[in-house]
Amino acid sequence: MTETSTNVGAGDESANPDLTGIDLTPRDLGRSPTERRKRRSYRNVAVLSVLAVVLGFVLYQALTNARVFYLNVDEAVARQTELGGQTFRMQGEVMQVDGADASGALVFTMAYADTSATVRHLGDEPSDLFDVGQKVVVDGRWTGDTFESRQILLKHSEEYVENNPDRLEYETPSTTRTAP
Amino acid sequence: MYWQYVAGGYGFVAVGLALYTSWVLRQGRRLSRKLPPERRRFLD
Amino acid sequence: MSTTAAEPTGAEPGDKPLVASAVNPPHTGSVATRRLGVAAIVLLALTLLFGLVLSPPEVSQRDAVRLMYLHLPSIAVTYLAFLTTAVGSALYLRKGSVYWDLVAGAAAEIGVLFCSFVLVTGSLWGKPTWGVYWQWDARLTSTTVLFVMYLGYLAVRRLELPPEVRSRRAAVLGIVSFGNVIIVHYSVKWWRGLHQGQTFGADTKMDGLMLFTVFLGLMSFLVLAAWLLIHRFRVSWLAREVEQVGLAQALAERRAETDATGLVGRSR
């Protein structure tokens, strides 16, 4: 960071035509100025290359992930045969939570535009916001007519409601999750 | 609930601002001292 | 944050009430920045008070919503800073004035700082709400691109090139990169993603005290950013002056040497 300031508008000999023929290099430096310059420009080129690689990686993510981040439930259902066992993300509203089945998977129904799907989730617990009425994005694939999910992401809305102190202490969606 | 995330966010911003602000101010002092007073004028 | 904001006053030499030092201070402060600094401290303190104490938790996000009071103001400052860079760059290309080149550079640095705040507060907000710190959705991905591009811009400003060439390249990059700000802003409309849609618009749905706190945060960050921009610009300006004084000095010394030896100065 320190370099920025000393570098900004750094004097350049070519900018002053009357200086030709006079050596302006400071004399008390250990390393020769050309050497210092070379080092600095190598470093800058290195920094720029690293940034270019990072940018490349991020743009790759943009094209693979961000372009079509999810399919809505109706689209996922319509394309079920085409998708086969491919993993993708599916978005919809949680309609009903059935709780854990015999294998310990969290089973719930989600829907979008009047099309619903049953989801079996076996990954980590979703965030505390998970509840009936919340929009979620599940990551996984079709196995038969059931969507096997390995990750549940909560898609919270841009609506911000005060947790009024008069209101009863808000309950985490325990009613929908403690079912055996 | 979730205070640890709140603390992390506010802490990061506070530290970031503190470091950058003090760096800028110190640079200003360091460079000013290298200049004769008549070249340190800023329009106010 | 109030402690960091307290530093503006530290810049002012209250200990030396000399008239001369007030007119030509050995630092980048001035009457204007002192006033801005005081305003920033007051506003930041209020933001902390409202953001952490007085504003209510949100119904489902609970206290995690408090990250919004830093996240939204940070992105606003980021947008404005990069806009300043673009305008400064355009004016530099048109007028060729070093002044605008330095403004563009100073603004970009501040924009990158606040963009890092956006990414970190957003990520910390994501964990308790979405369930993850990070997902490559359109908004998050484009914001990362924004951050990296402007880091690149700052790196270009430090390349060893003749100053005019470097400034011109930086200016072109400073204008082109602004396109990404527009992509970031509309990314939640153009693509599907995890990030929520635009909060503020015709139908803002936010309860009163939360809304007030967001605006308080916005005001405090804008004042702080303006204060930072002035100081950062002055640092760049001083650096330039130091270069020129150094150059003039070296020149005088060499001339004196050549006069003394009676030789034409050509030591290389």
# chains A, B, ... in the order shown; residues from 1 in each chain; ligands from 1
call {"tool": "select_by_dssp", "arguments": {"residues": "chain B", "states": "alpha helix (DSSP H)", "output": "PyMOL selection string"}}
result
chain B and resi 3-33
call {"tool": "residues_around", "arguments": {"residues": "Gly28 in chain B", "least_positions_apart": "2", "cutoff": "8 Å", "atoms": "only C-alpha atoms", "output": "mmCIF file with N, CA and C atoms, in the first residue's frame"}}
result
data_model
loop_
_atom_site.group_PDB
_atom_site.id
_atom_site.type_symbol
_atom_site.label_atom_id
_atom_site.label_comp_id
_atom_site.auth_asym_id
_atom_site.auth_seq_id
_atom_site.Cartn_x
_atom_site.Cartn_y
_atom_site.Cartn_z
ATOM 1 N N VAL B 24 -3.831 6.465 5.954
ATOM 2 C CA VAL B 24 -3.957 7.688 5.143
ATOM 3 C C VAL B 24 -3.429 8.891 5.917
ATOM 4 N N LEU B 25 -3.826 9.005 7.189
ATOM 5 C CA LEU B 25 -3.399 10.161 7.977
ATOM 6 C C LEU B 25 -1.887 10.154 8.195
ATOM 7 N N ARG B 26 -1.327 8.972 8.433
ATOM 8 C CA ARG B 26 0.126 8.909 8.649
ATOM 9 C C ARG B 26 0.887 9.253 7.377
ATOM 10 N N ARG B 30 3.625 12.170 6.967
ATOM 11 C CA ARG B 30 4.973 11.811 6.518
ATOM 12 C C ARG B 30 5.368 12.639 5.288
ATOM 13 N N LEU B 31 4.451 12.724 4.329
ATOM 14 C CA LEU B 31 4.759 13.432 3.088
ATOM 15 C C LEU B 31 4.810 14.937 3.313
ATOM 16 N N SER B 32 3.917 15.448 4.192
ATOM 17 C CA SER B 32 3.902 16.888 4.459
ATOM 18 C C SER B 32 5.238 17.346 5.002
ATOM 19 N N PRO C 26 1.216 20.492 8.663
ATOM 20 C CA PRO C 26 2.041 19.340 8.291
ATOM 21 C C PRO C 26 1.215 18.057 8.230
ATOM 22 N N HIS C 27 0.025 18.125 7.718
ATOM 23 C CA HIS C 27 -0.853 16.957 7.595
ATOM 24 C C HIS C 27 -1.909 17.292 6.558
ATOM 25 N N THR C 28 -2.829 16.376 6.352
ATOM 26 C CA THR C 28 -3.817 16.580 5.287
ATOM 27 C C THR C 28 -5.140 17.135 5.808
ATOM 28 N N HIS C 231 -8.909 13.372 2.236
ATOM 29 C CA HIS C 231 -7.586 13.073 2.796
ATOM 30 C C HIS C 231 -6.754 12.238 1.832
ATOM 31 N N ARG C 234 -5.474 14.276 -0.976
ATOM 32 C CA ARG C 234 -4.382 15.159 -0.558
ATOM 33 C C ARG C 234 -3.076 14.404 -0.383
ATOM 34 N N VAL C 235 -3.186 13.149 0.071
ATOM 35 C CA VAL C 235 -1.978 12.330 0.193
ATOM 36 C C VAL C 235 -1.349 12.128 -1.193
ATOM 37 N N LEU C 238 0.241 15.369 -2.263
ATOM 38 C CA LEU C 238 1.506 15.589 -1.553
ATOM 39 C C LEU C 238 2.605 14.707 -2.135
#
call {"tool": "interface_residues", "arguments": {"of": "chain C", "to": "chain A", "cutoff": "6 Å", "atoms": "only C-alpha atoms", "output": "JSON, numbers by chain"}}
result
{"C": [56, 57, 58, 59, 130, 131, 136, 137, 138, 160, 163, 192, 193, 194, 196, 199, 205, 206, 207, 236, 239, 240, 243, 265, 266]}
call {"tool": "interface_residues", "arguments": {"of": "chain C", "to": "chain B", "cutoff": "7 Å", "atoms": "only C-alpha atoms", "output": "ChimeraX atom specification"}}
result
/C:1,4,11,24-28,30-32,62-64,66-67,117,120-121,124-125,128,231-232,235,238-239,242
call {"tool": "residues_around", "arguments": {"residues": "Tyr79 in chain C", "least_positions_apart": "4", "cutoff": "7 Å", "atoms": "only C-alpha atoms", "output": "ChimeraX atom specification"}}
result
/C:75,83,181
call {"tool": "write_last_selection", "arguments": {"atoms": "C-alpha atoms", "output": "PDB file, in the first residue's frame"}}
result
ATOM      1  CA  ILE C  75     -22.552  -0.947  -1.268  1.00  0.00           C
ATOM      2  CA  LEU C  83     -18.889   6.462 -10.154  1.00  0.00           C
ATOM      3  CA  VAL C 181     -21.491  -1.587 -11.313  1.00  0.00           C
TER       4      VAL C 181
END
call {"tool": "select_by_dssp", "arguments": {"residues": "range 55-120 of chain A", "states": "strand (DSSP E)", "output": "number ranges by chain"}}
result
A: 71-72, 88-100, 106-112, 115-120
call {"tool": "residues_around", "arguments": {"residues": "Ala90 in chain C", "least_positions_apart": "2", "cutoff": "8 Å", "atoms": "only C-alpha atoms", "output": "PyMOL selection string"}}
result
chain C and resi 86-88+92-94+171-172+175
call {"tool": "atom_distance", "arguments": {"atom1": "CA of Gly217 in chain C", "atom2": "CA of Leu70 in chain C"}}
result
6.6 Å
call {"tool": "residues_around", "arguments": {"residues": "range 105-112 of chain A", "least_positions_apart": "4", "cutoff": "7 Å", "atoms": "only C-alpha atoms", "output": "ChimeraX atom specification"}}
result
/A:72-74,92-101,116-122
call {"tool": "write_last_selection", "arguments": {"atoms": "C-alpha atoms", "output": "tab-separated table (two decimals), in the first residue's frame"}}
result
chain	number	residue	atom	x	y	z
A	72	ASN	CA	-38.44	-23.47	-10.25
A	73	VAL	CA	-40.35	-26.53	-9.09
A	74	ASP	CA	-42.68	-26.50	-12.12
A	92	GLY	CA	-39.99	-23.09	-4.37
A	93	GLU	CA	-42.00	-22.39	-1.26
A	94	VAL	CA	-42.11	-24.86	1.60
A	95	MET	CA	-45.72	-26.08	1.78
A	96	GLN	CA	-45.61	-28.76	4.42
A	97	VAL	CA	-42.93	-30.30	6.59
A	98	ASP	CA	-43.43	-33.99	7.38
A	99	GLY	CA	-40.33	-34.33	9.54
A	100	ALA	CA	-37.75	-37.07	9.62
A	101	ASP	CA	-38.46	-40.42	7.95
A	116	SER	CA	-45.34	-29.41	-5.99
A	117	ALA	CA	-42.59	-31.90	-5.30
A	118	THR	CA	-41.56	-34.05	-2.37
A	119	VAL	CA	-38.05	-33.48	-1.08
A	120	ARG	CA	-35.92	-35.84	1.00
A	121	HIS	CA	-33.06	-33.95	2.58
A	122	LEU	CA	-30.06	-35.81	4.00
call {"tool": "residues_around", "arguments": {"residues": "Val145 in chain C", "least_positions_apart": "2", "cutoff": "8 Å", "atoms": "only C-alpha atoms", "output": "PyMOL selection string"}}
result
(chain A and resi 55+58-59) or (chain C and resi 141-143+147-149+180)
call {"tool": "write_last_selection", "arguments": {"atoms": "C-alpha atoms", "output": "PDB file, in the first residue's frame"}}
result
ATOM      1  CA  LEU A  55     -11.119 -13.066 -12.387  1.00  0.00           C
ATOM      2  CA  VAL A  58     -14.983 -16.010 -10.886  1.00  0.00           C
ATOM      3  CA  LEU A  59     -16.167 -15.629 -14.484  1.00  0.00           C
TER       4      LEU A  59
ATOM      5  CA  THR C 141     -20.456 -13.432  -8.370  1.00  0.00           C
ATOM      6  CA  SER C 142     -20.785 -10.037 -10.043  1.00  0.00           C
ATOM      7  CA  THR C 143     -19.821  -8.236  -6.830  1.00  0.00           C
ATOM      8  CA  PHE C 147     -13.941  -6.148  -6.374  1.00  0.00           C
ATOM      9  CA  VAL C 148     -11.281  -7.948  -8.400  1.00  0.00           C
ATOM     10  CA  MET C 149     -11.571  -5.566 -11.363  1.00  0.00           C
ATOM     11  CA  ASN C 180     -19.889  -3.781 -13.972  1.00  0.00           C
TER      12      ASN C 180
END
